[in-house]
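J.: Got a structure for you, questions after.
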Amino acid sequence: MAEMNLLQAINNALDIAMAGNDKVICFGEDVGVFGGVFRATSHLQEKYGRERCFNTPLVEQGIIGFANGLAAQGSIPVAEIQFADYIFPAFDQIVNEAAKFRYRSGNLFNVGGLTIRTPYGGGIAGGLYHSQSPEAYFAHTPGLKIVVPRNPHQAKGLLLAAIRDPNPVLFFEPKRIYRAAVGEVPEEDYELPLGQAEILKEGEDITLLAWGAQMGYLEKAAALAEKEGISCEVIDLRSILPWDIDTLARSVMKTGRLLISHEAPLTGGFAGEIAATIQERCFLYLESPITRVTGLDTPFPLVLEKEYLPDHLKIFEAIKHSVNY
Amino acid sequence: MAEMNLLQAINNALDIAMAGNDKVICFGEDVGVFGGVFRATSHLQEKYGRERCFNTPLVEQGIIGFANGLAAQGSIPVAEIQFADYIFPAFDQIVNEAAKFRYRSGNLFNVGGLTIRTPYGGGIAGGLYHSQSPEAYFAHTPGLKIVVPRNPHQAKGLLLAAIRDPNPVLFFEPKRIYRAAVGEVPEEDYELPLGQAEILKEGEDITLLAWGAQMGYLEKAAALAEKEGISCEVIDLRSILPWDIDTLARSVMKTGRLLISHEAPLTGGFAGEIAATIQERCFLYLESPITRVTGLDTPFPLVLEKEYLPDHLKIFEAIKHSVNY
Amino acid sequence: MANQERTISTPEFISGNALQIATYQVLQQDGSIIPGAVVPELDQAEAGKIYRAMVFTRVLDERMLAAQRQGRVSFYLQSTGEEATTVGFAAALDDADMIMAQYREQGALAYRGFTADEFMNQLFGNDLDYGKGRQMPIHYGARDLHYMTISSPLATQIPQATGYAYGQKLAGDKRCTVTVFGEGAASEGDFHAALNMASVLRVPVIFLCRNNGYAISTPSSEQFAADGVAPRAVGYAMQAIRVDGNDVLAVIKAMQEARKIAVEHNEPVLVEAMSYRLAAHSSSDDPSGYRNKAEEDKWRAKDPILRLKNWLLSQGWWSEEQEKALYEELRQQVLEAMKRAQQRPPPPLDAMITDVYDRPTPLLQSQLEALRAHVGKYPEAYPKSAGGAKHG
Amino acid sequence: MANQERTISTPEFISGNALQIATYQVLQQDGSIIPGAVVPELDQAEAGKIYRAMVFTRVLDERMLAAQRQGRVSFYLQSTGEEATTVGFAAALDDADMIMAQYREQGALAYRGFTADEFMNQLFGNDLDYGKGRQMPIHYGARDLHYMTISSPLATQIPQATGYAYGQKLAGDKRCTVTVFGEGAASEGDFHAALNMASVLRVPVIFLCRNNGYAISTPSSEQFAADGVAPRAVGYAMQAIRVDGNDVLAVIKAMQEARKIAVEHNEPVLVEAMSYRLAAHSSSDDPSGYRNKAEEDKWRAKDPILRLKNWLLSQGWWSEEQEKALYEELRQQVLEAMKRAQQRPPPPLDAMITDVYDRPTPLLQSQLEALRAHVGKYPEAYPKSAGGAKHG
Ligand SMILES: Cc1ncc(C[n+]2csc(CCOP(=O)(O)OP(=O)(O)O)c2C)c(N)n1
Ligand SMILES: Cc1ncc(C[n+]2csc(CCOP(=O)(O)OP(=O)(O)O)c2C)c(N)n1
Ligand SMILES: [Mg+2]
Ligand SMILES: [Mg+2]
């Protein structure tokens with residue numbers, strides 16, 4: 001075990017993946033000598049050479065187009081998009097190409113080797129364009145996997161699993177806690193399962209669900225609620241696509257209440273999908289409406305970002321509201 | 001009144017908009033001399049000249065980028081994307097630019113004049129890439145309006161309203177019924193309101209909600225259900241964003257049941273948002289879980305497209321299931 | 001970094017037409033070689049193979065357009081007039097070089113030995129279609145023939161080709177990737193991304209642009225103002241050549257040289273083949289709305305198949321009897337394959353959910369089960385799958 | 001349609017370096033004009049205005065980088081070394097021409113008269129910020145100054161400029177749009193889209209590329225293999241010029257000529273200004289990780305402000321006393337404006353939901369009300385808005 005922050009855990013995962021398999025190739029804007037603007041790819045070019053870790057020109061659609069071709073060829077590209085806010089020029093290559101590559105060819109060809117890493121989320125004074133949480137934009141796309149880690153240990157194990165998974169994976173990294181999240185991380189190679197939620201804390205009165213950096217607020221809110229005698233079951237969804245319906249449904253059948261939180265705007269956010277599914281699966285068990293605590297239906301602001309964020313206080317209020325329904 | 005099909009109604013709306021305001025400009029791939037691959041812009045170049053109706057090079061990101069600039073300048077661009085399946089290269093210009101233009105500039109600048117028209121949907125043997133219904137991809141984007149007409153009369157009135165609305169509007173045209181949907185359309189200029197659902201048929205037992213071409217299946221299914229003594233309230237949502245929560249909530253409070261149908265895949269589709277909102281607003285009124293009848297969580301197939309489509313039979317079955325819950 | 005060495009002190013603009021690029025041609029329509037021309041080496045067997053692939057393509061296109069008109073297939077797309085480009089480029093390659101084409105390159109597949117049955121299975125989307133009946137007709141793909149499955153979104157394959165070729169370079173397998181696209185598709189942002197990345201990363205990829213004058217109804221004069229696509233190469237420090245796309249010998253030679261540059265120097269190359277889309281864009285299109293017959297006739301007179309035939313005749317490698325026999329044989333082959341393909345069943349219902357992921361997810365499995373039950377309940381409404389649903 | 005007239009019968013490839021473009025320069029570092037050089041007409045008043053804007057920019061940059069280091073603002077981005085380009089291009093325009101810039105063009109705003117207070121209000125995101133505190137520092141915009149609000153996604157403004165200029169052309173107002181972007185941003189697909197559309201639609205837009213050698217840590221040698229960005233123009237049949245971006249006189253003259261081409265002939269033009277990003281990319285960056293001091297020093301010796309000062313001195317239009325006074329005046333101005341801006345309150349809570357649409361939707365209104373109630377309940381947790389929430 002070693003103490004690492006989230007960035008170090010990611011760097012460590014990339015290092016292990018590249019050391020273990022020559023076919024793993026990391027690239028993106030500024031990921032070469034510089035090691036990426038957040039330094040997630042630090043020292044990889046030094047260790048594995050310019051052919052396996054390099055700067056690309058500044059063109060996200062090209063980065064992912066290139067990555068798709070490289071994956072089709074049999075390599076294992078790990079492409080970085082510098083900020084999730086800048087993933088949209090690559091939307092076509094992700095949604096129309098990567099996601100449909102295997103299906104449309106009847107499995108003659110696939111880009112299963114592809115992993116796309118990108119820092120997402122707000123709370124760093126980034127304004128509209130360095131704060132977005134675009135996971136829901138991709139969650140409507142069969143063929144993709146989407147993963148969001150909450151801490152360094154999770155990040156390493158999930159990223160290693162993502163790189164080796166035989167499907168294209170989008171890996172969203174919560175940049176607000178890149179350095180703030182520190183914890184014990186095994187030094188050896190390990191994987192954590194994709195598509196499985198994790199119950200962090202068992203409870204009786206209400207199920208709280210989130211992913212990524214939002215888990216911090218969830219746990220803080222749960223602590224506040226416990227003080228008022230409300231017992232919370234806290235779940236990290238971890239994979240947005242495919243998502244773990246069964247674990248969540250079991251929990252809600254037990255607690256009878258569900259709160260889902262994400263930073264992205266309410267309308268069209270992934271909490272909607274979850275609520276729609278769970279109200280159907282757990283209809284007779286629900287004691288209050290499923291609650292969503294999310295960003296507002298606006299772009300991400302700058303000066304008033306504290307106001308925008310679905311923080312522990314907003315979640316705490318919503319918990320009480322749900323329990324007292 | 002004149003009898004028109006859906007394409008003619010759209011062409012007529014464009015003609016009226018261009019005749020009434022010099023600032024209205026139509027462009028896109030093949031929209032010039034040829035009048036578009038579906039002929040929605042027929043004769044507009046003849047009437048209004050090459051400067052106001054023209055072919056663009058084959059580059060969707062350019063078309064919408066250009067349209068954004070043109071709208072910022074004060075013109076009223078009506079850009080065509082040849083198929084909704086090909087709108088993704090323009091995703092960044094729509095989601096990061098058009099949607100946020102006014103907000104980010106504090107209303108110094110806006111692209112409110114922008115309208116994007118695009119044919120969407122399956123059932124025409126189009127396979128993966130001539131069948132998609134991508135409305136939900138955009139519905140997570142504050143700042144956009146999204147409109148889908150169900151017939152010629154609606155198409156003309158909604159398109160005229162969209163062109164004149166001071167916000168960027170995505171206008172999805174159900175191409176399966178471009179020629180099949182025929183009806184009486186007033187020859188004069190008129191607008192239908194954006195953001196308002198329409199109740200097509202009142203009923204007591206269950207509310208059925210859809211939009212666009214899917215309304216045909218909904219009405220057929222309602223007829224089948226009526227035969228079995230189930231009284232259906234049929235609603236056309238018409239605007240996906242912003243959407244008319246109040247009309248729907250009122251209906252569900254009356255019927256106690258809701259079925260939503262769209263062609264797009266289930267997961268992350270807009271029915272999820274609607275179900276999540278309505279279960280919260282109408283919790284104490286619901287007699288059965290809100291049901292979604294949608295495409296499968298796969299890309300759109302070709303040979304088995306009949307199997308894929310959420311047709312009247314699937315809806316009919318789901319109605320019975322909901323009522324007998 | 002840009003060349004700042006040379007300075008000038010008057011504000012001279014380079015002209016937009018600073019670079020004029022000639023068209024490489026060796027074969028004239030009457031079958032004679034331009035005196036002094038550099039021609040590819042080609043023996044009789046190879047020339048025959050090329051000619052056969054070109055004629056096969058023409059025969060297939062004619063038969064399938066008719067089949068579309070008869071309602072046997074929902075869609076078709078001909079390559080008439082461009083067979084010299086689409087067969088010729090494949091003939092210049094190593095058979096294991098990767099081809100990532102647009103959609104009008106059936107000639108290359110024919111050259112590489114995709115059989116009439118294989119074409120037909122895709123066109124009819126039957127149970128033997130490698131693509132499992134998921135894509136529209138003409139979206140072929142063949143793993144063993146190193147021919148990437150076609151996808152409809154234009155230009156997406158261009159940066160993918162750059163990536164594929166980068167992988168080939170790293171693997172050290174001395175192969176290249178050829179990506180083919182129309183002059184219309186070259187307007188997409190992906191084109192710029194692909195060429196720039198290929199040149200700065202030194203990737204063995206050949207960018208072959210089929211400039212056939214139109215993108216559906218849009219003439220190239222409304223697609224770009226420049227002298228074609230080839231001049232863009234200097235923007236990427238990339239070598240380029242323009243070739244007469246109706247001259248199969250010139251196409252072969254140009255592509256052979258391009259391949260050398262790519263494979264021996266790990267350098268991308270741009271090749272622009274000038275031709276004309278003689279047929280409609282596809283079976284859904286009617287060109288009479290946007291161009292005139294005189295223009296078409298001018299190009300019909302430059303038929304690339306006739307041009308090669310004239311050369312073969314002049315070489316003494318071909319006769320009118322052989323010509324007749326070849327057409328008869330190929331027409332028969334195509335017709336029989338069509339009949340066979342048409343009789344086969346559609347793909348099974350399972351094909352709805354396979355290949356979305358490497359394995360179907362539980363949600364997909366439950367969606368399939370629900371669908372199977374539904375089809376079982378209303379078999380007459382779903383004739384394509386009712387049989388399969390019953391048998392479970 | 002491409003030029004197919006000229007044919008050749010040998011497979012000659014054009015070289016990727018077929019086009020060499022010299023750099024236009026008139027002013028040398030010592031302030032002397034290159035003999036015989038074509039210089040712009042410039043009177044003392046205008047020269048003084050330009051110099052003042054350049055110095056203001058430098059002073060602002062220095063002050064605000066320090067302010068960022070002190071934690072007064074969250075972010076800053078300097079334009080050090082590029083002031084000749086960013087002020088010079090604006091000086092060559094009509095003040096009503098539209099500017100759609102990237103983010104490092106504060107010089108143009110300064111030239112057009114954006115006041116120190118206006119800069120500061122944006123940097124501090126206070127209640128007077130035209131952008132209502134929504135975007136990060138340096139995302140300025142000014143409607144009256146015809147300066148489009150900056151947005152962070154790179155290159156998106158380039159096709160937008162093409163569209164804006166098309167509207168200007170249709171309106172017949174004899175104006176043009178100038179869009180400025182880095183050599184890094186020029187790699188985006190939007191660049192290709194914009195230039196191609198501008199040339200085929202004959203649009204009065206000037207594409208001004210600031211080639212400053214780096215895109216964050218990525219040197220231009222890893223951005224493209226070609227000789228800079230200017231050669232791309234021939235791919236669009238577009239006139240182009242490369243200019244010494246540290247030579248304000250050359251920049252002005254080149255841009256004046258470019259503007260003539262744009263406005264008088266409705267033709268797009270590409271201008272590449274060669275310079276160097278002397279500072280870090282932004283306050284978040286540390287260039288010592290990817291480049292060396294020797295390189296920086298080489299460019300520091302080419303300081304564009306010093307170069308213009310030397311010319312002003314040689315003209316007898318400037319003195320060291322004036323220099324000292326100017327710096328003092330501007331430093332004072334900037335400092336006072338900063339103090340004023342810092343003391344102002346943040347935008348009101350309503351700014352959360354306005355301008356998403358022309359009018360807030362009912363859903364947005366209810367979200368704001370819920371937020372207001374919540375802030376009212378926990379005022380200490382939301383110090384920026386607690387005051388406003390209380391007053392309702
Ligand atoms: C991204 C995208 N946009 C639009 C289309 C619709 N479309 C199909 S073919 C075509 C024209 C292509 O012209 P070109 O590239 O010149 O090839 P050609 O048909 O001439 O061989 C268009 C616009 C598409 N398939 N994909
Ligand atoms: C679409 C997009 N991708 C990535 C970024 C992150 N980013 C901001 S500035 C920058 C480098 C830009 O370099 P260049 O265009 O040369 O301009 P310069 O900073 O040198 O003035 C990058 C990669 C972004 N803002 N937008
Ligand atoms: Mg073409
Ligand atoms: Mg730069």
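Chain labels run A, B, ... following the order of the structure tokens; each chain numbers its residues from 1, and ligands are numbered from 1 in the order shown.
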Quick one: residues within 6 Å of ligand 1, with only C-alpha atoms and all ligand atoms, as a short mmCIF file (atom, residue, chain, number, x, y, z; two decimals) with N, CA, C and O atoms, in the first residue's frame?
T.:
data_model
loop_
_atom_site.label_atom_id
_atom_site.label_comp_id
_atom_site.auth_asym_id
_atom_site.auth_seq_id
_atom_site.Cartn_x
_atom_site.Cartn_y
_atom_site.Cartn_z
N TYR B 86 -26.49 12.83 -38.71
CA TYR B 86 -25.25 13.53 -39.04
C TYR B 86 -25.13 14.86 -38.32
O TYR B 86 -24.37 15.75 -38.72
N ARG C 104 -18.27 3.92 -52.28
CA ARG C 104 -18.42 3.72 -53.71
C ARG C 104 -17.23 2.93 -54.25
O ARG C 104 -16.85 3.07 -55.41
N SER C 152 -21.82 4.87 -42.71
CA SER C 152 -22.39 5.99 -43.48
C SER C 152 -21.87 7.38 -43.11
O SER C 152 -21.78 8.23 -43.98
N PRO C 153 -21.56 7.67 -41.84
CA PRO C 153 -21.11 9.04 -41.55
C PRO C 153 -19.83 9.35 -42.34
O PRO C 153 -18.84 8.62 -42.23
N LEU C 154 -19.88 10.39 -43.11
CA LEU C 154 -18.78 10.69 -44.02
C LEU C 154 -17.54 11.17 -43.29
O LEU C 154 -17.63 11.91 -42.31
N PHE C 181 -12.04 8.63 -50.07
CA PHE C 181 -13.16 9.52 -49.72
C PHE C 181 -13.44 10.42 -50.91
O PHE C 181 -12.58 10.64 -51.76
N GLY C 182 -14.65 10.96 -50.93
CA GLY C 182 -15.03 11.84 -52.02
C GLY C 182 -14.55 13.27 -51.79
O GLY C 182 -14.17 13.64 -50.68
N GLU C 183 -14.59 14.05 -52.85
CA GLU C 183 -14.19 15.46 -52.71
C GLU C 183 -15.17 16.20 -51.81
O GLU C 183 -14.81 17.21 -51.20
N GLY C 184 -16.39 15.69 -51.69
CA GLY C 184 -17.35 16.29 -50.77
C GLY C 184 -16.96 16.00 -49.33
O GLY C 184 -16.83 16.91 -48.49
N ALA C 185 -16.71 14.75 -49.04
CA ALA C 185 -16.33 14.35 -47.68
C ALA C 185 -15.07 15.08 -47.22
O ALA C 185 -14.88 15.29 -46.02
N ASN C 212 -15.03 13.29 -58.01
CA ASN C 212 -15.92 12.94 -59.13
C ASN C 212 -16.90 14.06 -59.44
O ASN C 212 -17.93 13.85 -60.07
N TYR C 214 -19.11 15.79 -57.95
CA TYR C 214 -20.37 16.04 -57.23
C TYR C 214 -20.37 15.39 -55.85
O TYR C 214 -19.79 14.33 -55.64
N ALA C 215 -21.09 16.03 -54.95
CA ALA C 215 -21.48 15.43 -53.68
C ALA C 215 -23.01 15.51 -53.68
O ALA C 215 -23.58 16.58 -53.48
N ILE C 216 -23.64 14.38 -53.97
CA ILE C 216 -25.07 14.37 -54.30
C ILE C 216 -25.29 15.44 -55.36
O ILE C 216 -24.75 15.29 -56.47
N HIS C 281 -26.40 9.80 -57.67
CA HIS C 281 -25.68 9.57 -56.42
C HIS C 281 -25.98 8.18 -55.86
O HIS C 281 -25.08 7.46 -55.45
#
J.: Can I get the residues close to ligand 3 as a PyMOL selection string, where close means within 12 Å and we count only C-alpha atoms and all ligand atoms?
T.: (chain B and resi 57-58) or (chain C and resi 79+82+102-104+154+180-187+209-224+228-229+272-282) or (chain D and resi 1)
J.: Within 10 Å of Asn151 of chain B, counting only C-alpha atoms, which residues show up once you throw out same-chain ones fewer than 3 positions away? Write them as a PyMOL selection string, please.
T.: chain B and resi 4-7+9+148+154-156+173-174+177-178+180-185+212-213+215-216
J.: Enumerate the residues of segment 120-296 of chain A with a DSSP assignment of strand (DSSP E), computed from the backbone, and present them as a PyMOL selection string.
T.: chain A and resi 120+145-147+169-174+182-185+198-201+206-210+232-236+239-241+258-265+291-295
J.: Just need the residues of chain A within 9 Å of chain D, counting only C-alpha atoms, so spit them out as a CSV table (one decimal) with N, CA, C and O atoms, in the first residue's frame.
T.:
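In the end it all went to part-v8.csv:
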chain,number,residue,atom,x,y,z
A,29,GLU,N,-3.7,16.1,-26.0
A,29,GLU,CA,-3.1,17.4,-26.0
A,29,GLU,C,-2.2,17.5,-24.7
A,29,GLU,O,-2.6,17.4,-23.6
A,30,ASP,N,-0.9,17.8,-24.9
A,30,ASP,CA,0.0,18.1,-23.8
A,30,ASP,C,0.4,16.9,-23.0
A,30,ASP,O,0.9,17.1,-21.9
A,31,VAL,N,0.0,15.7,-23.4
A,31,VAL,CA,0.3,14.5,-22.5
A,31,VAL,C,1.8,14.1,-22.6
A,31,VAL,O,2.2,13.2,-21.8
A,32,GLY,N,2.5,14.6,-23.6
A,32,GLY,CA,3.9,14.1,-23.8
A,32,GLY,C,4.9,14.5,-22.8
A,32,GLY,O,4.7,14.2,-21.6
A,33,VAL,N,5.9,15.3,-23.2
A,33,VAL,CA,6.9,15.8,-22.3
A,33,VAL,C,6.3,16.3,-21.0
A,33,VAL,O,6.8,16.1,-19.9
A,34,PHE,N,5.2,17.1,-21.2
A,34,PHE,CA,4.7,17.9,-20.0
A,34,PHE,C,3.9,16.9,-19.1
A,34,PHE,O,3.7,17.3,-17.9
A,36,GLY,N,0.7,16.2,-19.4
A,36,GLY,CA,-0.7,16.6,-19.3
A,36,GLY,C,-0.9,17.8,-18.4
A,36,GLY,O,-0.1,18.0,-17.5
A,37,VAL,N,-1.9,18.6,-18.6
A,37,VAL,CA,-2.0,19.8,-17.8
A,37,VAL,C,-2.3,19.5,-16.4
A,37,VAL,O,-2.0,20.3,-15.5
A,55,ASN,N,2.2,13.9,-27.5
A,55,ASN,CA,1.3,15.1,-27.8
A,55,ASN,C,0.6,14.9,-29.1
A,55,ASN,O,1.3,14.4,-30.1
A,56,THR,N,-0.6,15.2,-29.2
A,56,THR,CA,-1.3,15.3,-30.4
A,56,THR,C,-1.5,16.7,-30.8
A,56,THR,O,-1.4,17.6,-29.9
A,57,PRO,N,-1.8,17.0,-32.1
A,57,PRO,CA,-2.3,18.3,-32.4
A,57,PRO,C,-3.6,18.6,-31.6
A,57,PRO,O,-4.2,17.7,-31.1
A,58,LEU,N,-4.0,19.9,-31.6
A,58,LEU,CA,-5.1,20.3,-30.8
A,58,LEU,C,-6.4,20.1,-31.6
A,58,LEU,O,-6.9,21.0,-32.2
A,59,VAL,N,-6.9,18.8,-31.6
A,59,VAL,CA,-8.1,18.5,-32.4
A,59,VAL,C,-8.7,17.3,-31.8
A,59,VAL,O,-8.3,16.2,-32.1
A,60,GLU,N,-9.7,17.5,-31.0
A,60,GLU,CA,-10.4,16.4,-30.3
A,60,GLU,C,-11.0,15.4,-31.2
A,60,GLU,O,-11.0,14.2,-31.0
A,61,GLN,N,-11.6,15.9,-32.3
A,61,GLN,CA,-12.2,14.9,-33.2
A,61,GLN,C,-11.2,14.0,-33.8
A,61,GLN,O,-11.4,12.9,-34.1
A,62,GLY,N,-10.0,14.6,-34.1
A,62,GLY,CA,-8.9,13.9,-34.6
A,62,GLY,C,-8.3,12.9,-33.6
A,62,GLY,O,-8.0,11.7,-33.9
A,85,ASP,N,-15.3,19.3,-20.9
A,85,ASP,CA,-16.0,20.4,-21.7
A,85,ASP,C,-15.6,20.4,-23.1
A,85,ASP,O,-16.3,21.0,-23.9
A,86,TYR,N,-14.4,19.8,-23.4
A,86,TYR,CA,-13.9,19.9,-24.8
A,86,TYR,C,-14.1,18.5,-25.5
A,86,TYR,O,-13.4,18.3,-26.5
A,89,PRO,N,-16.4,18.2,-29.6
A,89,PRO,CA,-16.0,18.1,-31.0
A,89,PRO,C,-15.7,16.6,-31.4
A,89,PRO,O,-15.8,16.3,-32.6
A,125,ALA,N,-13.6,26.9,-9.8
A,125,ALA,CA,-13.6,28.2,-10.4
A,125,ALA,C,-13.4,28.2,-11.8
A,125,ALA,O,-12.6,28.9,-12.4
A,126,GLY,N,-14.0,27.2,-12.5
A,126,GLY,CA,-13.8,27.0,-13.9
A,126,GLY,C,-14.8,27.6,-14.8
A,126,GLY,O,-14.6,27.6,-16.1
A,127,GLY,N,-15.9,28.1,-14.3
A,127,GLY,CA,-17.0,28.6,-15.1
A,127,GLY,C,-17.6,27.6,-16.1
A,127,GLY,O,-17.4,26.4,-15.9
A,128,LEU,N,-18.2,28.1,-17.1
A,128,LEU,CA,-19.0,27.3,-18.1
A,128,LEU,C,-18.2,26.2,-18.7
A,128,LEU,O,-18.7,25.1,-19.0
A,129,TYR,N,-16.9,26.4,-18.9
A,129,TYR,CA,-16.1,25.6,-19.8
A,129,TYR,C,-15.0,24.8,-19.2
A,129,TYR,O,-14.1,24.3,-19.9
A,130,HIS,N,-14.9,24.8,-17.9
A,130,HIS,CA,-14.0,24.0,-17.2
A,130,HIS,C,-14.6,23.3,-16.0
A,130,HIS,O,-14.0,23.1,-15.0
A,296,LEU,N,-28.5,23.3,-11.4
A,296,LEU,CA,-29.6,24.0,-12.0
A,296,LEU,C,-29.6,23.8,-13.5
A,296,LEU,O,-28.6,23.4,-14.1
A,297,ASP,N,-30.8,24.0,-14.1
A,297,ASP,CA,-30.9,23.9,-15.6
A,297,ASP,C,-30.3,25.2,-16.2
A,297,ASP,O,-31.0,25.9,-16.9
A,298,THR,N,-29.0,25.4,-16.0
A,298,THR,CA,-28.3,26.5,-16.6
A,298,THR,C,-26.9,26.0,-16.9
A,298,THR,O,-26.5,25.0,-16.4
A,299,PRO,N,-26.2,26.8,-17.7
A,299,PRO,CA,-24.8,26.5,-17.8
A,299,PRO,C,-24.1,26.7,-16.5
A,299,PRO,O,-24.7,27.2,-15.5
A,300,PHE,N,-22.9,26.2,-16.3
A,300,PHE,CA,-22.2,26.3,-15.1
A,300,PHE,C,-21.7,27.7,-14.8
A,300,PHE,O,-21.0,28.2,-15.6
A,301,PRO,N,-22.1,28.3,-13.7
A,301,PRO,CA,-21.6,29.7,-13.5
A,301,PRO,C,-20.2,29.7,-12.8
A,301,PRO,O,-19.6,28.7,-12.5
A,302,LEU,N,-19.7,30.9,-12.7
A,302,LEU,CA,-18.4,31.0,-12.1
A,302,LEU,C,-18.5,31.6,-10.6
A,302,LEU,O,-18.3,30.8,-9.7
A,303,VAL,N,-18.9,32.9,-10.5
A,303,VAL,CA,-18.8,33.5,-9.2
A,303,VAL,C,-19.8,32.8,-8.3
A,303,VAL,O,-19.5,32.6,-7.1
A,304,LEU,N,-21.0,32.4,-8.8
A,304,LEU,CA,-22.0,31.8,-7.9
A,304,LEU,C,-21.9,30.2,-8.0
A,304,LEU,O,-22.9,29.6,-7.9
A,305,GLU,N,-20.7,29.7,-8.2
A,305,GLU,CA,-20.7,28.2,-8.3
A,305,GLU,C,-21.1,27.5,-7.1
A,305,GLU,O,-21.6,26.4,-7.1
A,306,LYS,N,-20.8,28.0,-5.9
A,306,LYS,CA,-21.2,27.4,-4.7
A,306,LYS,C,-22.7,27.3,-4.6
A,306,LYS,O,-23.2,26.3,-4.1
A,307,GLU,N,-23.4,28.3,-5.1
A,307,GLU,CA,-24.8,28.3,-5.2
A,307,GLU,C,-25.3,27.2,-6.1
A,307,GLU,O,-26.4,26.6,-5.9
A,308,TYR,N,-24.6,27.0,-7.2
A,308,TYR,CA,-25.0,26.1,-8.2
A,308,TYR,C,-24.8,24.6,-7.8
A,308,TYR,O,-25.7,23.8,-8.1
A,313,LEU,N,-25.5,20.4,2.0
A,313,LEU,CA,-26.6,21.0,2.6
A,313,LEU,C,-27.9,20.8,1.8
A,313,LEU,O,-29.0,20.6,2.4
A,314,LYS,N,-27.8,21.0,0.5
A,314,LYS,CA,-29.0,20.8,-0.3
A,314,LYS,C,-29.4,19.3,-0.2
A,314,LYS,O,-30.6,19.0,-0.2
A,317,GLU,N,-31.1,18.7,3.2
A,317,GLU,CA,-32.5,19.2,3.2
A,317,GLU,C,-33.4,18.3,2.4
A,317,GLU,O,-34.5,18.0,2.8
J.: Skipping near chain neighbours, those fewer than 2 positions away, what residues fall within 8 Å of Glu135 of chain A using only C-alpha atoms, listed as a PyMOL selection string?
T.: chain A and resi 133+137-139+146+172+240+270
J.: May I ask for the distance between atom CA of Phe89 of chain D and atom CA of Pro304 of chain D, given in Å to one decimal place?
T.: 13.6 Å
J.: Please return, as an NGL selection string, all residues of chain B lying within 7 Å of chain A when only C-alpha atoms are considered.
T.: :B and (88-89 or 91-92 or 100 or 137 or 139-140 or 142 or 267-270 or 272-273 or 275-276 or 279-280 or 283 or 289-290 or 297-299)
